[in-house]
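Shown below: input32.tsv, with TSV, C-alpha atoms.
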```
chain	number	residue	atom	x	y	z
A	1	LEU	CA	13.40	-17.44	-0.09
A	2	ALA	CA	10.75	-18.30	-2.67
A	3	LEU	CA	9.13	-20.82	-0.33
A	4	GLY	CA	9.01	-18.20	2.44
A	5	LYS	CA	7.36	-15.67	0.12
A	6	THR	CA	4.85	-18.28	-0.99
A	7	LEU	CA	3.96	-19.19	2.59
A	8	ILE	CA	3.55	-15.52	3.55
A	9	TYR	CA	1.36	-14.90	0.50
A	10	ALA	CA	-0.74	-17.97	1.26
A	11	ALA	CA	-1.20	-16.87	4.86
A	12	PHE	CA	-2.42	-13.42	3.86
A	13	ALA	CA	-4.51	-14.86	1.01
A	14	CYS	CA	-6.45	-16.76	3.67
A	15	LEU	CA	-6.29	-14.33	6.62
A	16	ILE	CA	-7.70	-11.30	4.83
A	17	PRO	CA	-10.75	-13.06	3.32
A	18	ALA	CA	-11.31	-14.89	6.61
A	19	GLY	CA	-11.37	-11.53	8.41
A	20	ILE	CA	-13.88	-10.13	5.92
A	21	TYR	CA	-16.09	-13.21	6.21
A	22	ALA	CA	-15.77	-13.15	10.02
A	23	LEU	CA	-17.06	-9.59	10.02
A	24	GLY	CA	-19.95	-10.56	7.75
A	25	LEU	CA	-20.83	-13.63	9.79
A	26	MET	CA	-20.62	-11.60	13.00
A	27	LEU	CA	-23.09	-9.08	11.54
A	28	MET	CA	-25.35	-12.01	10.62
A	29	GLN	CA	-25.09	-13.19	14.25
A	30	ALA	CA	-23.55	-16.53	13.42
A	31	LYS	CA	-22.18	-18.29	16.46
A	32	THR	CA	-18.71	-19.27	15.31
A	33	THR	CA	-15.07	-18.44	15.86
A	34	PHE	CA	-12.42	-16.87	13.67
A	35	LYS	CA	-10.46	-20.12	13.84
A	36	LYS	CA	-13.34	-22.05	12.26
A	37	ILE	CA	-13.86	-19.38	9.60
A	38	LEU	CA	-10.14	-19.38	8.77
A	39	SER	CA	-10.27	-23.16	8.55
A	40	VAL	CA	-13.16	-23.08	6.06
A	41	VAL	CA	-11.40	-20.43	3.94
A	42	ALA	CA	-8.04	-22.23	4.04
A	43	TRP	CA	-9.39	-25.68	3.21
A	44	SER	CA	-11.70	-24.38	0.48
A	45	THR	CA	-8.87	-22.39	-1.08
A	46	ALA	CA	-6.51	-25.36	-0.80
A	47	ALA	CA	-8.99	-27.73	-2.46
A	48	THR	CA	-9.68	-25.47	-5.42
A	49	GLY	CA	-6.03	-24.45	-5.70
A	50	LEU	CA	-4.79	-28.03	-5.71
A	51	VAL	CA	-7.23	-29.15	-8.39
A	52	GLY	CA	-6.51	-25.97	-10.39
A	53	ALA	CA	-2.77	-26.69	-10.21
A	54	LEU	CA	-3.33	-30.27	-11.37
A	55	VAL	CA	-5.44	-29.06	-14.30
A	56	PHE	CA	-2.78	-26.48	-15.18
A	57	MET	CA	0.02	-29.07	-15.06
A	58	SER	CA	-2.07	-31.44	-17.19
A	59	ALA	CA	-2.57	-28.69	-19.75
A	60	LEU	CA	1.20	-28.15	-19.86
A	61	MET	CA	1.90	-31.87	-20.21
A	62	ILE	CA	-0.35	-32.35	-23.26
A	63	ARG	CA	1.31	-29.54	-25.21
A	64	ASP	CA	4.04	-30.23	-27.67
A	65	GLU	CA	7.51	-28.79	-27.26
A	66	GLU	CA	6.98	-26.19	-29.98
A	67	SER	CA	3.87	-24.67	-28.37
A	68	LEU	CA	5.58	-24.60	-24.97
A	69	ARG	CA	8.26	-22.29	-26.39
A	70	ASP	CA	5.58	-19.92	-27.69
A	71	ILE	CA	3.89	-19.45	-24.29
A	72	ASN	CA	4.05	-15.87	-23.08
A	73	PRO	CA	4.84	-15.90	-19.32
A	74	THR	CA	2.68	-12.80	-18.75
A	75	ASP	CA	-0.31	-14.52	-20.37
A	76	ILE	CA	0.02	-17.83	-18.49
A	77	GLY	CA	-3.49	-17.50	-17.02
A	78	ASN	CA	-5.06	-18.18	-20.41
A	79	LEU	CA	-3.39	-21.58	-20.76
A	80	VAL	CA	-6.41	-23.28	-19.20
A	81	PRO	CA	-9.56	-21.54	-20.48
A	82	SER	CA	-11.63	-22.07	-17.33
A	83	ASN	CA	-13.21	-18.60	-17.32
A	84	LEU	CA	-15.46	-16.62	-19.64
A	85	GLY	CA	-12.59	-14.29	-20.55
A	86	ALA	CA	-11.33	-17.00	-22.90
A	87	VAL	CA	-14.16	-16.29	-25.37
A	88	LEU	CA	-13.56	-12.53	-25.52
A	89	PRO	CA	-11.80	-10.96	-28.48
A	90	GLN	CA	-8.24	-9.68	-27.94
A	91	ASP	CA	-9.22	-6.00	-28.27
A	92	THR	CA	-11.67	-6.06	-25.34
A	93	SER	CA	-11.08	-3.35	-22.75
A	94	PRO	CA	-9.03	-4.46	-19.73
A	95	SER	CA	-11.82	-3.69	-17.26
A	96	ILE	CA	-14.41	-5.77	-19.13
A	97	SER	CA	-11.88	-8.56	-19.64
A	98	SER	CA	-11.03	-8.54	-15.92
A	99	LEU	CA	-14.70	-8.59	-14.90
A	100	VAL	CA	-15.64	-11.41	-17.27
A	101	SER	CA	-12.50	-13.40	-16.38
A	102	SER	CA	-13.65	-13.36	-12.76
A	103	ILE	CA	-16.41	-15.79	-13.73
A	104	ASP	CA	-14.35	-18.95	-13.45
A	105	ILE	CA	-15.28	-22.58	-12.83
A	106	PHE	CA	-12.82	-22.77	-9.92
A	107	THR	CA	-14.22	-19.56	-8.41
A	108	ILE	CA	-17.75	-20.94	-8.61
A	109	TRP	CA	-16.55	-24.11	-6.90
A	110	LEU	CA	-14.79	-22.04	-4.21
A	111	ILE	CA	-17.99	-20.06	-3.59
A	112	ILE	CA	-19.98	-23.28	-3.20
A	113	LEU	CA	-17.41	-24.72	-0.76
A	114	LEU	CA	-17.38	-21.52	1.30
A	115	VAL	CA	-21.18	-21.42	1.51
A	116	ILE	CA	-21.38	-25.05	2.62
A	117	GLY	CA	-18.59	-24.54	5.15
A	118	PHE	CA	-20.04	-21.35	6.64
A	119	VAL	CA	-23.47	-22.92	7.07
A	120	ALA	CA	-21.85	-25.94	8.73
A	121	ILE	CA	-19.85	-23.89	11.25
A	122	SER	CA	-22.32	-21.08	11.92
A	123	GLY	CA	-24.08	-22.77	14.82
A	124	ALA	CA	-27.11	-20.54	14.32
A	125	ARG	CA	-30.39	-21.89	13.05
A	126	GLN	CA	-31.09	-18.70	11.10
A	127	MET	CA	-27.93	-19.17	8.96
A	128	THR	CA	-29.30	-20.71	5.78
A	129	ASN	CA	-27.62	-21.53	2.52
A	130	GLY	CA	-29.19	-18.38	1.05
A	131	ARG	CA	-27.80	-16.06	3.72
A	132	ALA	CA	-24.34	-17.60	3.52
A	133	ALA	CA	-24.45	-17.44	-0.29
A	134	THR	CA	-25.46	-13.78	-0.12
A	135	LEU	CA	-22.43	-13.02	2.03
A	136	VAL	CA	-19.94	-14.96	-0.08
A	137	ILE	CA	-21.27	-13.75	-3.43
A	138	SER	CA	-21.42	-10.14	-2.20
A	139	VAL	CA	-17.76	-10.26	-1.18
A	140	TRP	CA	-16.89	-11.85	-4.54
A	141	VAL	CA	-18.81	-9.17	-6.50
A	142	VAL	CA	-17.04	-6.37	-4.61
A	143	TRP	CA	-13.69	-8.03	-5.33
A	144	ALA	CA	-14.48	-8.54	-9.05
A	145	VAL	CA	-15.65	-4.93	-9.49
A	146	ALA	CA	-12.61	-3.60	-7.61
A	147	LYS	CA	-10.31	-5.72	-9.75
A	148	ALA	CA	-12.01	-4.43	-12.91
A	149	GLY	CA	-11.64	-0.85	-11.66
A	150	ILE	CA	-7.94	-1.35	-11.00
A	151	ALA	CA	-7.55	-2.86	-14.49
A	152	ALA	CA	-9.34	0.14	-16.00
A	153	VAL	CA	-7.05	2.62	-14.23
A	154	PHE	CA	-3.68	0.91	-14.64
A	155	MET	CA	-4.02	-1.07	-17.89
A	156	SER	CA	-5.69	1.50	-20.14
```

Show me, as structure tokens, the structure contained in the file I just sent.
Amino acid sequence: LALGKTLIYAAFACLIPAGIYALGLMLMQAKTTFKKILSVVAWSTAATGLVGALVFMSALMIRDEESLRDINPTDIGNLVPSNLGAVLPQDTSPSISSLVSSIDIFTIWLIILLVIGFVAISGARQMTNGRAATLVISVWVVWAVAKAGIAAVFMS
């Protein structure tokens, strides 16, 4: 059951962004297919997710038994301080914390992989790194701001 839920989540975690990027690339007149866009999104997400999981497991393995007992399961995201939210004080508002935590080393790497992939599959000479980066970063900014807005409404 858990494996099925994970596979369904992973499918939608790739299909929805791929659809958004397909719309953006279509508006930019890139000559590509949804299958190629989905492939770029899936492989980029898999690469960053795999390395992120390895880093997370390494962080767990170097902890002593005492500190493992003290880990709060709801705060598991702060185990590996790979985002700027790790330097914020505890009393920071949830919306600011969410926005700053969106600036993550793995997210930056994902953005770079997506830009490289979209330029490679676009098939149009006018698709430059700058245009692809504008698309990917714009989608990321909208997501980060929406996530901060949701945190402001539901976590205040």

Quiz item: Nearest to Trp109 of chain A among A:Met57, A:Val40, A:Ala132, A:Ala47, with distances taken over only C-alpha atoms: which residue is it?
Solution: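 Of A:Met57, A:Val40, A:Ala132, A:Ala47, the one nearest Trp109 of chain A is A:Ala47, counting only C-alpha atoms.
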
Quiz item: Neighbours of Ala46 of chain A within 12 Å (all atoms listed in the file; same-chain residues fewer than 6 positions away dropped), as a ChimeraX atom specification?
Solution: /A:10-11,13-14,38-40,52-53,106,109-110,113-114

Practice problem: Find the residues around Asp104 of chain A up to 10 Å (all atoms listed in the file counted), leave out those fewer than 6 positions away in its own chain, and share them as a ChimeraX atom specification. | Solution: /A:81-85,110

Quiz prompt | Residue with smallest distance to Lys147 of chain A - pool A:Leu1, A:Leu23, A:Ile96, A:Ala59, counting only C-alpha atoms | solution =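 Looking only at the distances to Lys147 of chain A, the closest residue turns out to be A:Ile96.
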
Quiz item: Is there a way to get, as number ranges by chain, all residues within 12 Å of the point (-11.6, -10.1, -6.4) in file coordinates, counting only C-alpha atoms?
Solution: A: 13, 16-17, 98-104, 107, 136-151

Can you write out the residues you just picked, keeping C-alpha atoms, as a JSON list (two decimals), in the coordinates of the input?
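And here is the file that came out, again_26.json:
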```
[["chain", "number", "residue", "atom", "x", "y", "z"],
["A", 13, "ALA", "CA", -4.51, -14.86, 1.01],
["A", 16, "ILE", "CA", -7.70, -11.30, 4.83],
["A", 17, "PRO", "CA", -10.75, -13.06, 3.32],
["A", 98, "SER", "CA", -11.03, -8.54, -15.92],
["A", 99, "LEU", "CA", -14.70, -8.59, -14.90],
["A", 100, "VAL", "CA", -15.64, -11.41, -17.27],
["A", 101, "SER", "CA", -12.50, -13.40, -16.38],
["A", 102, "SER", "CA", -13.65, -13.36, -12.76],
["A", 103, "ILE", "CA", -16.41, -15.79, -13.73],
["A", 104, "ASP", "CA", -14.35, -18.95, -13.45],
["A", 107, "THR", "CA", -14.22, -19.56, -8.41],
["A", 136, "VAL", "CA", -19.94, -14.96, -0.08],
["A", 137, "ILE", "CA", -21.27, -13.75, -3.43],
["A", 138, "SER", "CA", -21.42, -10.14, -2.20],
["A", 139, "VAL", "CA", -17.76, -10.26, -1.18],
["A", 140, "TRP", "CA", -16.89, -11.85, -4.54],
["A", 141, "VAL", "CA", -18.81, -9.17, -6.50],
["A", 142, "VAL", "CA", -17.04, -6.37, -4.61],
["A", 143, "TRP", "CA", -13.69, -8.03, -5.33],
["A", 144, "ALA", "CA", -14.48, -8.54, -9.05],
["A", 145, "VAL", "CA", -15.65, -4.93, -9.49],
["A", 146, "ALA", "CA", -12.61, -3.60, -7.61],
["A", 147, "LYS", "CA", -10.31, -5.72, -9.75],
["A", 148, "ALA", "CA", -12.01, -4.43, -12.91],
["A", 149, "GLY", "CA", -11.64, -0.85, -11.66],
["A", 150, "ILE", "CA", -7.94, -1.35, -11.00],
["A", 151, "ALA", "CA", -7.55, -2.86, -14.49]]
```

Exercise. Calculate how many Å separate atom CA of Val80 of chain A from atom CA of Val55 of chain A, rounding to one decimal.
Key: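 Computing the Euclidean distance for atom CA of Val80 of chain A and atom CA of Val55 of chain A yields 7.6 Å.
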
Since the input lacks some atoms of segment 61-72 of chain A, please model all heavy atoms and print them as a PDB file, keeping the file's coordinate frame.
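Generated file (result29.pdb):
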```pdb
ATOM      1  N   MET A  61       1.357 -30.572 -19.806  1.00  0.00           N
ATOM      2  CA  MET A  61       1.900 -31.870 -20.210  1.00  0.00           C
ATOM      3  C   MET A  61       1.377 -32.327 -21.572  1.00  0.00           C
ATOM      4  O   MET A  61       2.066 -33.072 -22.278  1.00  0.00           O
ATOM      5  CB  MET A  61       1.576 -32.922 -19.148  1.00  0.00           C
ATOM      6  CG  MET A  61       2.359 -32.698 -17.866  1.00  0.00           C
ATOM      7  SD  MET A  61       1.833 -33.715 -16.501  1.00  0.00           S
ATOM      8  CE  MET A  61       2.306 -35.327 -17.033  1.00  0.00           C
ATOM      9  N   ILE A  62       0.188 -31.896 -21.974  1.00  0.00           N
ATOM     10  CA  ILE A  62      -0.350 -32.350 -23.260  1.00  0.00           C
ATOM     11  C   ILE A  62       0.111 -31.482 -24.427  1.00  0.00           C
ATOM     12  O   ILE A  62      -0.140 -31.815 -25.570  1.00  0.00           O
ATOM     13  CB  ILE A  62      -1.891 -32.426 -23.234  1.00  0.00           C
ATOM     14  CG1 ILE A  62      -2.510 -31.052 -23.006  1.00  0.00           C
ATOM     15  CG2 ILE A  62      -2.363 -33.432 -22.215  1.00  0.00           C
ATOM     16  CD1 ILE A  62      -4.004 -31.032 -23.203  1.00  0.00           C
ATOM     17  N   ARG A  63       0.809 -30.404 -24.142  1.00  0.00           N
ATOM     18  CA  ARG A  63       1.310 -29.540 -25.210  1.00  0.00           C
ATOM     19  C   ARG A  63       2.602 -30.100 -25.785  1.00  0.00           C
ATOM     20  O   ARG A  63       3.392 -30.716 -25.098  1.00  0.00           O
ATOM     21  CB  ARG A  63       1.552 -28.130 -24.683  1.00  0.00           C
ATOM     22  CG  ARG A  63       0.261 -27.447 -24.311  1.00  0.00           C
ATOM     23  CD  ARG A  63       0.500 -25.982 -24.156  1.00  0.00           C
ATOM     24  NE  ARG A  63      -0.771 -25.317 -24.000  1.00  0.00           N
ATOM     25  CZ  ARG A  63      -1.241 -24.449 -24.871  1.00  0.00           C
ATOM     26  NH1 ARG A  63      -0.544 -24.104 -25.905  1.00  0.00           N
ATOM     27  NH2 ARG A  63      -2.405 -23.888 -24.680  1.00  0.00           N
ATOM     28  N   ASP A  64       2.785 -29.814 -27.062  1.00  0.00           N
ATOM     29  CA  ASP A  64       4.040 -30.230 -27.670  1.00  0.00           C
ATOM     30  C   ASP A  64       5.141 -29.210 -27.366  1.00  0.00           C
ATOM     31  O   ASP A  64       4.865 -28.114 -26.899  1.00  0.00           O
ATOM     32  CB  ASP A  64       3.884 -30.421 -29.179  1.00  0.00           C
ATOM     33  CG  ASP A  64       3.474 -29.148 -29.892  1.00  0.00           C
ATOM     34  OD1 ASP A  64       2.974 -28.236 -29.218  1.00  0.00           O
ATOM     35  OD2 ASP A  64       3.672 -29.074 -31.114  1.00  0.00           O
ATOM     36  N   GLU A  65       6.362 -29.609 -27.621  1.00  0.00           N
ATOM     37  CA  GLU A  65       7.510 -28.790 -27.260  1.00  0.00           C
ATOM     38  C   GLU A  65       7.490 -27.432 -27.975  1.00  0.00           C
ATOM     39  O   GLU A  65       7.876 -26.415 -27.407  1.00  0.00           O
ATOM     40  CB  GLU A  65       8.791 -29.550 -27.605  1.00  0.00           C
ATOM     41  CG  GLU A  65      10.013 -29.048 -26.890  1.00  0.00           C
ATOM     42  CD  GLU A  65      11.198 -29.959 -27.109  1.00  0.00           C
ATOM     43  OE1 GLU A  65      11.014 -31.184 -27.084  1.00  0.00           O
ATOM     44  OE2 GLU A  65      12.299 -29.423 -27.296  1.00  0.00           O
ATOM     45  N   GLU A  66       7.024 -27.429 -29.196  1.00  0.00           N
ATOM     46  CA  GLU A  66       6.980 -26.190 -29.980  1.00  0.00           C
ATOM     47  C   GLU A  66       6.020 -25.168 -29.348  1.00  0.00           C
ATOM     48  O   GLU A  66       6.345 -23.995 -29.211  1.00  0.00           O
ATOM     49  CB  GLU A  66       6.534 -26.498 -31.417  1.00  0.00           C
ATOM     50  CG  GLU A  66       6.488 -25.293 -32.322  1.00  0.00           C
ATOM     51  CD  GLU A  66       7.874 -24.851 -32.750  1.00  0.00           C
ATOM     52  OE1 GLU A  66       8.796 -25.690 -32.750  1.00  0.00           O
ATOM     53  OE2 GLU A  66       8.018 -23.666 -33.067  1.00  0.00           O
ATOM     54  N   SER A  67       4.843 -25.606 -28.955  1.00  0.00           N
ATOM     55  CA  SER A  67       3.870 -24.670 -28.370  1.00  0.00           C
ATOM     56  C   SER A  67       4.289 -24.209 -26.976  1.00  0.00           C
ATOM     57  O   SER A  67       3.905 -23.134 -26.534  1.00  0.00           O
ATOM     58  CB  SER A  67       2.473 -25.286 -28.339  1.00  0.00           C
ATOM     59  OG  SER A  67       2.438 -26.376 -27.454  1.00  0.00           O
ATOM     60  N   LEU A  68       5.083 -25.021 -26.275  1.00  0.00           N
ATOM     61  CA  LEU A  68       5.580 -24.600 -24.970  1.00  0.00           C
ATOM     62  C   LEU A  68       6.559 -23.431 -25.094  1.00  0.00           C
ATOM     63  O   LEU A  68       6.624 -22.578 -24.216  1.00  0.00           O
ATOM     64  CB  LEU A  68       6.253 -25.768 -24.244  1.00  0.00           C
ATOM     65  CG  LEU A  68       5.319 -26.815 -23.649  1.00  0.00           C
ATOM     66  CD1 LEU A  68       6.120 -27.982 -23.091  1.00  0.00           C
ATOM     67  CD2 LEU A  68       4.439 -26.211 -22.582  1.00  0.00           C
ATOM     68  N   ARG A  69       7.319 -23.402 -26.182  1.00  0.00           N
ATOM     69  CA  ARG A  69       8.260 -22.290 -26.390  1.00  0.00           C
ATOM     70  C   ARG A  69       7.522 -20.993 -26.699  1.00  0.00           C
ATOM     71  O   ARG A  69       8.044 -19.919 -26.428  1.00  0.00           O
ATOM     72  CB  ARG A  69       9.201 -22.622 -27.542  1.00  0.00           C
ATOM     73  CG  ARG A  69      10.228 -23.641 -27.176  1.00  0.00           C
ATOM     74  CD  ARG A  69      11.320 -23.733 -28.238  1.00  0.00           C
ATOM     75  NE  ARG A  69      12.074 -24.942 -28.028  1.00  0.00           N
ATOM     76  CZ  ARG A  69      12.033 -26.009 -28.830  1.00  0.00           C
ATOM     77  NH1 ARG A  69      11.315 -25.986 -29.918  1.00  0.00           N
ATOM     78  NH2 ARG A  69      12.731 -27.081 -28.541  1.00  0.00           N
ATOM     79  N   ASP A  70       6.332 -21.100 -27.280  1.00  0.00           N
ATOM     80  CA  ASP A  70       5.580 -19.920 -27.690  1.00  0.00           C
ATOM     81  C   ASP A  70       4.723 -19.324 -26.575  1.00  0.00           C
ATOM     82  O   ASP A  70       4.068 -18.312 -26.778  1.00  0.00           O
ATOM     83  CB  ASP A  70       4.674 -20.255 -28.880  1.00  0.00           C
ATOM     84  CG  ASP A  70       5.474 -20.659 -30.106  1.00  0.00           C
ATOM     85  OD1 ASP A  70       6.650 -20.248 -30.206  1.00  0.00           O
ATOM     86  OD2 ASP A  70       4.920 -21.390 -30.955  1.00  0.00           O
ATOM     87  N   ILE A  71       4.715 -19.944 -25.390  1.00  0.00           N
ATOM     88  CA  ILE A  71       3.890 -19.450 -24.290  1.00  0.00           C
ATOM     89  C   ILE A  71       4.479 -18.160 -23.747  1.00  0.00           C
ATOM     90  O   ILE A  71       5.662 -18.087 -23.432  1.00  0.00           O
ATOM     91  CB  ILE A  71       3.766 -20.502 -23.164  1.00  0.00           C
ATOM     92  CG1 ILE A  71       2.966 -21.698 -23.660  1.00  0.00           C
ATOM     93  CG2 ILE A  71       3.086 -19.903 -21.934  1.00  0.00           C
ATOM     94  CD1 ILE A  71       2.894 -22.832 -22.662  1.00  0.00           C
ATOM     95  N   ASN A  72       3.638 -17.154 -23.648  1.00  0.00           N
ATOM     96  CA  ASN A  72       4.050 -15.870 -23.080  1.00  0.00           C
ATOM     97  C   ASN A  72       3.880 -15.954 -21.559  1.00  0.00           C
ATOM     98  O   ASN A  72       2.776 -16.172 -21.067  1.00  0.00           O
ATOM     99  CB  ASN A  72       3.171 -14.756 -23.661  1.00  0.00           C
ATOM    100  CG  ASN A  72       3.551 -13.392 -23.174  1.00  0.00           C
ATOM    101  OD1 ASN A  72       4.481 -13.229 -22.387  1.00  0.00           O
ATOM    102  ND2 ASN A  72       2.825 -12.389 -23.646  1.00  0.00           N
TER     103      ASN A  72
END
```
